[in-house]
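In what follows, a structure is listed as structure tokens, so that the remarks can point back to it.
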Amino acid sequence: MSGDGKSEARAKVLWEGSLKTQSIIRGMEIACDKPKSIFGTNTAPAPLEIFSSAMGSCLLTTFIHSANRSRIHITDISVDVKTEADIIEGKERVMTGSMKLSVWTDGAEESKIQKVFELARTHCSLTNAVNFPVEFELKIKS
């Protein structure tokens, strides 16, 4: 979205039995489950895994948007995301996160890529919304 404005996200989450759910988002379905070790059926990613994926997707798409605006040609890109949770007072809480963005380019200046990375870090709505520390790393490959 360009300029000032609001954004809204909606989802309908349906119980599928055991610890499995089905979310419907703009007509698309996403299954969610827990591992068997914590009484799920292990037939879909766990909520924390989907959350981690969403954070990585947010950082990646924010980076690509900024790179496109800066006219930096990216040949490939990936994000490795890790979130760690502990059980505290009987509740699962995310304690830390790390995100490693790997960028393949055909010779773009590293300083420009670093600047775009800093923009993505500060503009990613999901990593800005969490209250646990997130470490960021950038790997530039050609």
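Labeling convention for the structure tokens: chains A, B, ... as they appear, residues from 1 per chain, ligands from 1 in order of appearance.
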
- Query: Got a sec to tell me which of stretch 71-137 of chain A DSSP assigns to helix (DSSP H, G or I), as a list in words?
  - Reply: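 Of stretch 71-137 of chain A, the ones in helix (DSSP H, G or I) are Glu110, Ser111, Lys112, Ile113, Gln114, Lys115, Val116, Phe117, Glu118, Leu119, Ala120, Arg121, Thr122, His123, Ser125, Leu126, Thr127, Asn128 and Ala129 of chain A.
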
Output N, CA and C atoms of each residue in that selection to a file, as a PDB file, in the first residue's frame.
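And here's selection34.pdb as it stands now:
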ATOM      1  N   GLU A 110      26.424  -3.817  -2.918  1.00  0.00           N
ATOM      2  CA  GLU A 110      26.084  -4.329  -1.588  1.00  0.00           C
ATOM      3  C   GLU A 110      25.522  -3.241  -0.684  1.00  0.00           C
ATOM      4  N   SER A 111      26.033  -2.028  -0.798  1.00  0.00           N
ATOM      5  CA  SER A 111      25.537  -0.943   0.059  1.00  0.00           C
ATOM      6  C   SER A 111      24.064  -0.648  -0.219  1.00  0.00           C
ATOM      7  N   LYS A 112      23.642  -0.749  -1.494  1.00  0.00           N
ATOM      8  CA  LYS A 112      22.231  -0.538  -1.839  1.00  0.00           C
ATOM      9  C   LYS A 112      21.363  -1.665  -1.274  1.00  0.00           C
ATOM     10  N   ILE A 113      21.868  -2.887  -1.371  1.00  0.00           N
ATOM     11  CA  ILE A 113      21.116  -4.033  -0.840  1.00  0.00           C
ATOM     12  C   ILE A 113      20.998  -3.916   0.679  1.00  0.00           C
ATOM     13  N   GLN A 114      22.075  -3.511   1.339  1.00  0.00           N
ATOM     14  CA  GLN A 114      22.043  -3.326   2.794  1.00  0.00           C
ATOM     15  C   GLN A 114      21.016  -2.259   3.176  1.00  0.00           C
ATOM     16  N   LYS A 115      20.944  -1.177   2.418  1.00  0.00           N
ATOM     17  CA  LYS A 115      19.976  -0.112   2.688  1.00  0.00           C
ATOM     18  C   LYS A 115      18.540  -0.628   2.537  1.00  0.00           C
ATOM     19  N   VAL A 116      18.304  -1.414   1.496  1.00  0.00           N
ATOM     20  CA  VAL A 116      16.975  -1.999   1.287  1.00  0.00           C
ATOM     21  C   VAL A 116      16.641  -2.964   2.426  1.00  0.00           C
ATOM     22  N   PHE A 117      17.630  -3.720   2.869  1.00  0.00           N
ATOM     23  CA  PHE A 117      17.436  -4.641   3.994  1.00  0.00           C
ATOM     24  C   PHE A 117      17.036  -3.874   5.255  1.00  0.00           C
ATOM     25  N   GLU A 118      17.700  -2.772   5.532  1.00  0.00           N
ATOM     26  CA  GLU A 118      17.355  -1.962   6.708  1.00  0.00           C
ATOM     27  C   GLU A 118      15.939  -1.398   6.582  1.00  0.00           C
ATOM     28  N   LEU A 119      15.552  -0.988   5.373  1.00  0.00           N
ATOM     29  CA  LEU A 119      14.177  -0.529   5.161  1.00  0.00           C
ATOM     30  C   LEU A 119      13.175  -1.648   5.435  1.00  0.00           C
ATOM     31  N   ALA A 120      13.486  -2.841   4.923  1.00  0.00           N
ATOM     32  CA  ALA A 120      12.583  -3.976   5.125  1.00  0.00           C
ATOM     33  C   ALA A 120      12.448  -4.304   6.609  1.00  0.00           C
ATOM     34  N   ARG A 121      13.562  -4.293   7.331  1.00  0.00           N
ATOM     35  CA  ARG A 121      13.533  -4.571   8.782  1.00  0.00           C
ATOM     36  C   ARG A 121      12.636  -3.589   9.520  1.00  0.00           C
ATOM     37  N   THR A 122      12.719  -2.322   9.151  1.00  0.00           N
ATOM     38  CA  THR A 122      11.952  -1.305   9.872  1.00  0.00           C
ATOM     39  C   THR A 122      10.514  -1.173   9.395  1.00  0.00           C
ATOM     40  N   HIS A 123      10.203  -1.713   8.207  1.00  0.00           N
ATOM     41  CA  HIS A 123       8.851  -1.580   7.665  1.00  0.00           C
ATOM     42  C   HIS A 123       8.036  -2.874   7.685  1.00  0.00           C
ATOM     43  N   SER A 125       5.626  -5.232   8.953  1.00  0.00           N
ATOM     44  CA  SER A 125       4.599  -5.040   9.990  1.00  0.00           C
ATOM     45  C   SER A 125       4.596  -6.158  11.032  1.00  0.00           C
ATOM     46  N   LEU A 126       4.915  -7.372  10.649  1.00  0.00           N
ATOM     47  CA  LEU A 126       4.858  -8.471  11.618  1.00  0.00           C
ATOM     48  C   LEU A 126       6.044  -8.474  12.571  1.00  0.00           C
ATOM     49  N   THR A 127       7.252  -8.255  12.062  1.00  0.00           N
ATOM     50  CA  THR A 127       8.389  -8.226  12.987  1.00  0.00           C
ATOM     51  C   THR A 127       8.332  -7.003  13.891  1.00  0.00           C
ATOM     52  N   ASN A 128       7.655  -5.948  13.451  1.00  0.00           N
ATOM     53  CA  ASN A 128       7.474  -4.774  14.304  1.00  0.00           C
ATOM     54  C   ASN A 128       6.378  -4.973  15.338  1.00  0.00           C
ATOM     55  N   ALA A 129       5.539  -5.971  15.150  1.00  0.00           N
ATOM     56  CA  ALA A 129       4.408  -6.180  16.051  1.00  0.00           C
ATOM     57  C   ALA A 129       4.733  -7.093  17.235  1.00  0.00           C
TER      58      ALA A 129
END

- Message: For the structure I just gave you, how does DSSP split chain A - specifically, which residues are strand (DSSP E or B)? Reply as a ChimeraX atom specification.
- Response: /A:12-17,20-25,28-32,74-88,91-105,134-141

- Message: Please compute the atom CA of A:Glu49-atom CA of A:Lys100 distance, one decimal, in Å.
- Response: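 Going from atom CA of A:Glu49 over to atom CA of A:Lys100, I get 15.9 Å.
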
- Item | Residue with smallest distance to A:Phe63 - pool A:Cys124, A:Ala44, A:Ile140, A:Ile87, counting only C-alpha atoms |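 Among the listed residues, the smallest separation from A:Phe63 belongs to A:Cys124.
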
- Contacts of A:Ser142 at 10 Å or less, counting only C-alpha atoms, minus same-chain residues fewer than 3 places along, as a list in words?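 Close residues of A:Ser142: Ile74, Thr75, Asp76, Val103, Trp104, Thr105, Asp106, Gly107 and Ala108 of chain A.
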
- Message: I'd like the contact shell of A:Glu84 - 8 Å cut-off, only C-alpha atoms, skipping same-chain residues fewer than 3 positions apart - returned as a PyMOL selection string.
- Response: chain A and resi 94-97

- Among listed residues A:Ile64, A:Ala31, A:Leu138, A:Val79, nearest A:Trp15 (using only C-alpha atoms):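 Checking each of A:Ile64, A:Ala31, A:Leu138, A:Val79 against A:Trp15, counting only C-alpha atoms, the winner is A:Ala31.
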
- What does the distance from atom CA of A:Glu16 to atom CA of A:Arg93 come to in Å, to one decimal? 24.3 Å

- Message: I want to know what sits within 8 Å of A:Glu137, based on only C-alpha atoms, with residues of the same chain fewer than 6 positions away left out; could you give that as a ChimeraX atom specification?
- Response: /A:98-101

- Quick one: everything within 12 Å of A:Glu92, counting only C-alpha atoms, minus sequence neighbours fewer than 4 positions away in the same chain. Send it as a PyMOL selection string. chain A and resi 38+47-48+84-88
